[in-house]
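Source file: model.cif. Holds: mmCIF, C-alpha atoms.
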data_protein
loop_
_atom_site.label_atom_id
_atom_site.label_comp_id
_atom_site.auth_asym_id
_atom_site.auth_seq_id
_atom_site.Cartn_x
_atom_site.Cartn_y
_atom_site.Cartn_z
CA MET S 1 0.00 0.00 0.00
CA ASN S 2 1.34 3.42 -0.98
CA PRO S 3 1.92 5.53 2.19
CA ARG S 4 1.34 8.76 0.23
CA ARG S 5 -2.11 7.58 -0.94
CA VAL S 6 -3.06 6.53 2.59
CA MET S 7 -2.00 9.93 3.95
CA THR S 8 -3.89 11.75 1.17
CA ALA S 9 -7.03 9.71 1.89
CA LEU S 10 -6.77 10.34 5.64
CA THR S 11 -6.24 14.07 5.08
CA ALA S 12 -9.24 14.26 2.73
CA ALA S 13 -11.42 12.39 5.24
CA ALA S 14 -10.33 14.66 8.10
CA MET S 15 -10.98 17.80 6.04
CA GLY S 16 -14.42 16.45 5.10
CA LEU S 17 -15.28 15.86 8.76
CA ILE S 18 -14.04 19.33 9.68
CA GLY S 19 -16.23 20.77 6.91
CA VAL S 20 -19.29 18.91 8.24
CA GLN S 21 -18.55 20.22 11.76
CA VAL S 22 -18.24 23.79 10.47
CA LEU S 23 -21.53 23.52 8.60
CA ALA S 24 -23.27 22.00 11.62
CA VAL S 25 -22.23 24.57 14.24
CA SER S 26 -20.63 27.47 12.40
CA PRO S 27 -21.63 30.76 13.98
CA SER S 28 -22.12 33.94 12.01
CA GLY S 29 -20.44 35.93 14.75
CA ALA S 30 -22.91 36.90 17.44
CA ALA S 31 -26.26 35.17 17.59
CA GLU S 32 -29.33 37.38 17.60
CA SER S 33 -31.09 38.09 20.87
CA ASP S 34 -33.11 40.86 22.44
CA SER S 35 -29.91 42.55 23.61
CA GLY S 36 -27.93 41.76 20.44
CA MET S 37 -25.74 39.34 22.39
CA GLY S 38 -25.02 35.69 21.83
CA SER S 39 -22.08 33.75 20.63
CA TYR S 40 -20.11 30.72 19.67
CA CYS S 41 -17.64 29.96 22.47
CA THR S 42 -14.77 27.56 22.96
CA ILE S 43 -14.77 25.88 26.36
CA ALA S 44 -12.12 23.93 28.24
CA GLY S 45 -11.97 22.61 31.77
CA SER S 46 -12.27 19.58 34.01
CA ILE S 47 -14.97 17.23 35.21
CA ALA S 48 -14.91 15.19 38.41
CA PRO S 49 -17.44 12.32 38.31
CA ASN S 50 -18.55 10.58 41.48
CA PRO S 51 -18.06 7.61 42.01
CA GLY S 52 -15.94 7.76 38.82
CA ILE S 53 -16.47 6.51 35.30
CA SER S 54 -16.07 2.86 34.44
CA TYR S 55 -16.63 0.59 31.47
CA GLU S 56 -20.21 -0.13 32.56
CA ALA S 57 -22.64 2.81 32.65
CA LYS S 58 -23.91 3.54 36.17
CA ALA S 59 -25.54 6.27 38.25
CA THR S 60 -23.14 9.22 38.46
CA THR S 61 -23.02 12.79 39.70
CA TYR S 62 -20.33 15.22 38.59
CA GLN S 63 -18.82 18.67 39.07
CA LEU S 64 -17.74 20.72 36.05
CA ASN S 65 -15.35 23.71 35.99
CA GLY S 66 -14.22 25.52 32.87
CA THR S 67 -13.53 28.74 31.00
CA MET S 68 -14.97 30.05 27.75
CA ASP S 69 -13.76 32.48 25.10
CA CYS S 70 -16.43 33.73 22.71
CA THR S 71 -16.77 35.32 19.27
CA SER S 72 -18.94 38.19 20.52
CA GLU S 73 -17.39 41.38 21.81
CA GLU S 74 -19.54 41.25 24.93
CA PRO S 75 -19.65 38.87 26.62
CA SER S 76 -16.32 37.64 25.32
CA HIS S 77 -15.22 35.45 28.23
CA GLY S 78 -16.92 33.38 30.90
CA THR S 79 -16.19 31.08 33.81
CA VAL S 80 -18.40 27.99 33.99
CA THR S 81 -19.27 25.88 37.03
CA GLY S 82 -21.88 23.18 37.10
CA THR S 83 -23.28 19.96 38.43
CA GLY S 84 -24.88 17.02 36.70
CA THR S 85 -26.53 13.72 37.40
CA GLY S 86 -27.31 10.73 35.22
CA THR S 87 -26.09 7.38 34.03
CA THR S 88 -22.61 7.56 32.56
CA GLY S 89 -19.90 5.18 31.43
CA CYS S 90 -16.78 5.19 29.30
CA PHE S 91 -18.61 4.53 26.06
CA GLY S 92 -22.13 5.85 26.61
CA GLY S 93 -24.63 7.46 28.91
CA SER S 94 -26.85 10.46 29.47
CA SER S 95 -27.20 13.14 32.10
CA ALA S 96 -28.85 16.42 32.99
CA ALA S 97 -26.68 19.37 34.01
CA VAL S 98 -27.10 22.88 35.38
CA LEU S 99 -24.27 25.16 34.29
CA LYS S 100 -23.67 28.59 35.83
CA ILE S 101 -21.73 31.08 33.71
CA ALA S 102 -20.13 34.19 35.21
CA TRP S 103 -19.53 36.53 32.25
CA ASP S 104 -16.64 39.00 32.02
CA ASN S 105 -19.09 41.95 31.95
CA GLY S 106 -20.40 41.16 35.45
CA THR S 107 -23.58 39.37 34.34
CA ALA S 108 -24.45 35.70 34.72
CA SER S 109 -26.40 32.96 32.92
CA THR S 110 -27.83 29.63 34.04
CA VAL S 111 -28.05 26.85 31.45
CA SER S 112 -30.17 23.72 31.86
CA ALA S 113 -28.79 21.02 29.53
CA GLN S 114 -29.36 17.42 28.49
CA LEU S 115 -26.09 15.64 27.65
CA GLY S 116 -25.21 12.40 25.92
CA ASP S 117 -21.86 10.63 26.25
CA PHE S 118 -20.40 8.58 23.42
CA GLY S 119 -16.89 7.16 23.23
CA TYR S 120 -14.63 9.93 24.39
CA GLY S 121 -17.01 12.81 23.80
CA THR S 122 -20.11 14.55 25.10
CA GLY S 123 -22.76 16.43 23.17
CA GLY S 124 -26.02 18.05 24.11
CA TYR S 125 -28.51 20.86 24.00
CA GLY S 126 -30.18 23.14 26.48
CA THR S 127 -31.72 26.50 27.26
CA VAL S 128 -30.56 29.56 29.16
CA THR S 129 -33.11 29.59 32.00
CA GLU S 130 -31.88 32.67 33.90
CA GLY S 131 -29.82 35.79 33.38
CA MET S 132 -28.05 37.10 30.31
CA LEU S 133 -29.20 35.48 27.04
CA LYS S 134 -32.33 34.11 28.79
CA ASP S 135 -34.37 31.77 26.55
CA SER S 136 -31.41 31.27 24.18
CA HIS S 137 -30.96 27.78 22.81
CA VAL S 138 -27.60 26.23 23.64
CA GLY S 139 -25.72 23.57 21.71
CA LEU S 140 -22.59 22.12 23.24
CA GLY S 141 -20.03 19.43 22.68
CA TRP S 142 -16.56 18.46 23.83
CA GLY S 143 -13.98 15.75 23.74
CA ARG S 144 -12.76 14.06 26.91
CA ASP S 145 -9.20 13.17 27.84
CA ALA S 146 -7.90 11.27 30.85
CA ALA S 147 -4.37 9.94 31.27
CA GLY S 148 -4.40 6.22 30.48
CA ALA S 149 -8.16 6.44 29.90
CA GLU S 150 -8.62 3.06 28.21
CA VAL S 151 -6.92 1.06 30.96
CA ARG S 152 -8.36 3.16 33.77
CA CYS S 153 -11.84 3.00 32.30
CA ALA S 154 -11.80 -0.78 32.07
CA SER S 155 -10.92 -0.96 35.77
CA GLY S 156 -13.26 1.83 36.93
CA HIS S 157 -10.60 4.32 37.90
CA VAL S 158 -11.42 7.47 35.89
CA LYS S 159 -11.99 9.91 38.76
CA SER S 160 -11.49 13.10 36.74
CA TYR S 161 -10.83 14.19 33.20
CA GLU S 162 -10.21 17.27 31.12
CA PHE S 163 -12.37 18.40 28.23
CA ALA S 164 -12.28 20.90 25.37
CA GLY S 165 -15.01 21.88 22.92
CA TYR S 166 -17.69 24.48 22.27
CA MET S 167 -20.92 26.09 23.43
CA TYR S 168 -23.17 27.93 20.98
CA PHE S 169 -25.90 30.36 22.07
CA HIS S 170 -28.75 31.20 19.71
CA THR S 171 -32.03 33.09 20.14
CA HIS S 172 -34.65 33.09 17.39
CA SER S 173 -35.60 36.47 15.95
CA GLY S 174 -38.65 37.98 17.58
CA HIS S 175 -38.03 36.25 20.91
#

Translate the structure of the given file into structure tokens.
Amino acid sequence: MNPRRVMTALTAAAMGLIGVQVLAVSPSGAAESDSGMGSYCTIAGSIAPNPGISYEAKATTYQLNGTMDCTSEEPSHGTVTGTGTGTTGCFGGSSAAVLKIAWDNGTASTVSAQLGDFGYGTGGYGTVTEGMLKDSHVGLGWGRDAAGAEVRCASGHVKSYEFAGYMYFHTHSGH
């Protein structure tokens, strides 16, 4: 097998997947809302599940801490804290979370979200229930990373992990 052809095929596949991701969640800058605010934000942080994540999905609670940088001028940065509960495992699960965002302009938002876990990622949707961007729809997703995750997961020893991904806020016109 020609290594150059394999690399070309892998590059084309990766670029195609990136293109699909961009089409699926690409923001047009700030999302519309009553105050003209809203945004696509990158998010990174850590999650501490209790009693930990294992191969088999089981009842879990977790704490989330992270930071966001956004495409809008204001708010452009936020600190996220949250809690969740559900049934989670290394390769699948679902949970409900309440995320509190402290924005850099002194305001705050509360997001109620439904999350699904798959492989080494999490995706979900929700609504801003309180504060800035109230009633905005929220899409979110991130990848998970834990040192030695495969081995630790099989033995039930993933007690914390880091994540990186996005949150997208959108309010329909006329809301």

Result set of the PyMOL selection byres ((chain S and resi 52-58) around 10) on the coordinates above, as a PyMOL selection string: chain S and resi 48-51+59-62+86-94+149-161

Evaluate the PyMOL selection byres ((chain S and resi 115) around 9) and record the selected residues as JSON, numbers by chain, following the chain and residue labels used in the document. {"S": [93, 94, 95, 96, 97, 113, 114, 116, 117, 122, 123, 124, 125, 126, 140, 141]}

Which neighbours of Ser76 of chain S fall inside 8 Å, counting only C-alpha atoms, when residues of the same chain fewer than 5 positions from it are skipped, and could you give them as a PDB file with C-alpha atoms, in the coordinates of the input?
ATOM      1  CA  ASP S  69     -13.760  32.480  25.100  1.00  0.00           C
ATOM      2  CA  CYS S  70     -16.430  33.730  22.710  1.00  0.00           C
ATOM      3  CA  THR S  71     -16.770  35.320  19.270  1.00  0.00           C
ATOM      4  CA  TRP S 103     -19.530  36.530  32.250  1.00  0.00           C
ATOM      5  CA  ASP S 104     -16.640  39.000  32.020  1.00  0.00           C
TER       6      ASP S 104
END

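From atom CA of Gly84 of chain S back to atom CA of Gly165 of chain S, the distance works out to 17.6 Å.
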
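Note that atom CA of Arg144 of chain S and atom CA of Gly106 of chain S are 29.4 Å apart.
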
Contacts of Gly82 of chain S at 10 Å (only C-alpha atoms; same-chain gap of 3+ positions) as a list of chain:residue names: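 Here the answer would be S:Ile47, S:Tyr62, S:Gln63, S:Leu64, S:Asn65, S:Gly66, S:Ala97, S:Val98, S:Leu99, S:Lys100, S:Ile101, S:Thr110, S:Val111, S:Ser112.
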
Work out how far apart atom CA of Phe163 of chain S and atom CA of Gly139 of chain S are and give it in Å to one decimal.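 Atom-to-atom, atom CA of Phe163 of chain S and atom CA of Gly139 of chain S are spaced 15.7 Å apart.
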
Could you spell out the hits of the PyMOL selection byres ((chain S and resi 128) around 9) on the shown file, as a list of chain:residue names?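 With the shown file as input, the PyMOL selection byres ((chain S and resi 128) around 9) matches S:Ser109, S:Thr110, S:Val111, S:Ser112, S:Ala113, S:Gly126, S:Thr127, S:Thr129, S:Glu130, S:Gly131, S:Met132, S:Leu133, S:Lys134, S:Asp135, S:Ser136, S:His137, S:Val138, S:Phe169.
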
Expected file: the selected residues, C-alpha atoms, as an mmCIF file, keeping the file's coordinate frame:
data_model
loop_
_atom_site.group_PDB
_atom_site.id
_atom_site.type_symbol
_atom_site.label_atom_id
_atom_site.label_comp_id
_atom_site.auth_asym_id
_atom_site.auth_seq_id
_atom_site.Cartn_x
_atom_site.Cartn_y
_atom_site.Cartn_z
ATOM 1 C CA SER S 109 -26.400 32.960 32.920
ATOM 2 C CA THR S 110 -27.830 29.630 34.040
ATOM 3 C CA VAL S 111 -28.050 26.850 31.450
ATOM 4 C CA SER S 112 -30.170 23.720 31.860
ATOM 5 C CA ALA S 113 -28.790 21.020 29.530
ATOM 6 C CA GLY S 126 -30.180 23.140 26.480
ATOM 7 C CA THR S 127 -31.720 26.500 27.260
ATOM 8 C CA THR S 129 -33.110 29.590 32.000
ATOM 9 C CA GLU S 130 -31.880 32.670 33.900
ATOM 10 C CA GLY S 131 -29.820 35.790 33.380
ATOM 11 C CA MET S 132 -28.050 37.100 30.310
ATOM 12 C CA LEU S 133 -29.200 35.480 27.040
ATOM 13 C CA LYS S 134 -32.330 34.110 28.790
ATOM 14 C CA ASP S 135 -34.370 31.770 26.550
ATOM 15 C CA SER S 136 -31.410 31.270 24.180
ATOM 16 C CA HIS S 137 -30.960 27.780 22.810
ATOM 17 C CA VAL S 138 -27.600 26.230 23.640
ATOM 18 C CA PHE S 169 -25.900 30.360 22.070
#

Could you check which of S:Glu73, S:Thr83, S:Thr67, S:Gly121 is closest to Ser39 of chain S, using all atoms listed in the file?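 Residue with the minimum atom-to-atom distance to Ser39 of chain S: S:Glu73.
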
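Of the residues listed (S:Thr107, S:Thr79, S:Thr85, S:Thr171), S:Thr79 shows the shortest atom-to-atom separation from Ala44 of chain S; distances use all atoms listed in the file.
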
Nearest to Tyr40 of chain S: which of S:Val80, S:Met68, S:Ala102, S:Ala108 is it, counting only C-alpha atoms? S:Met68
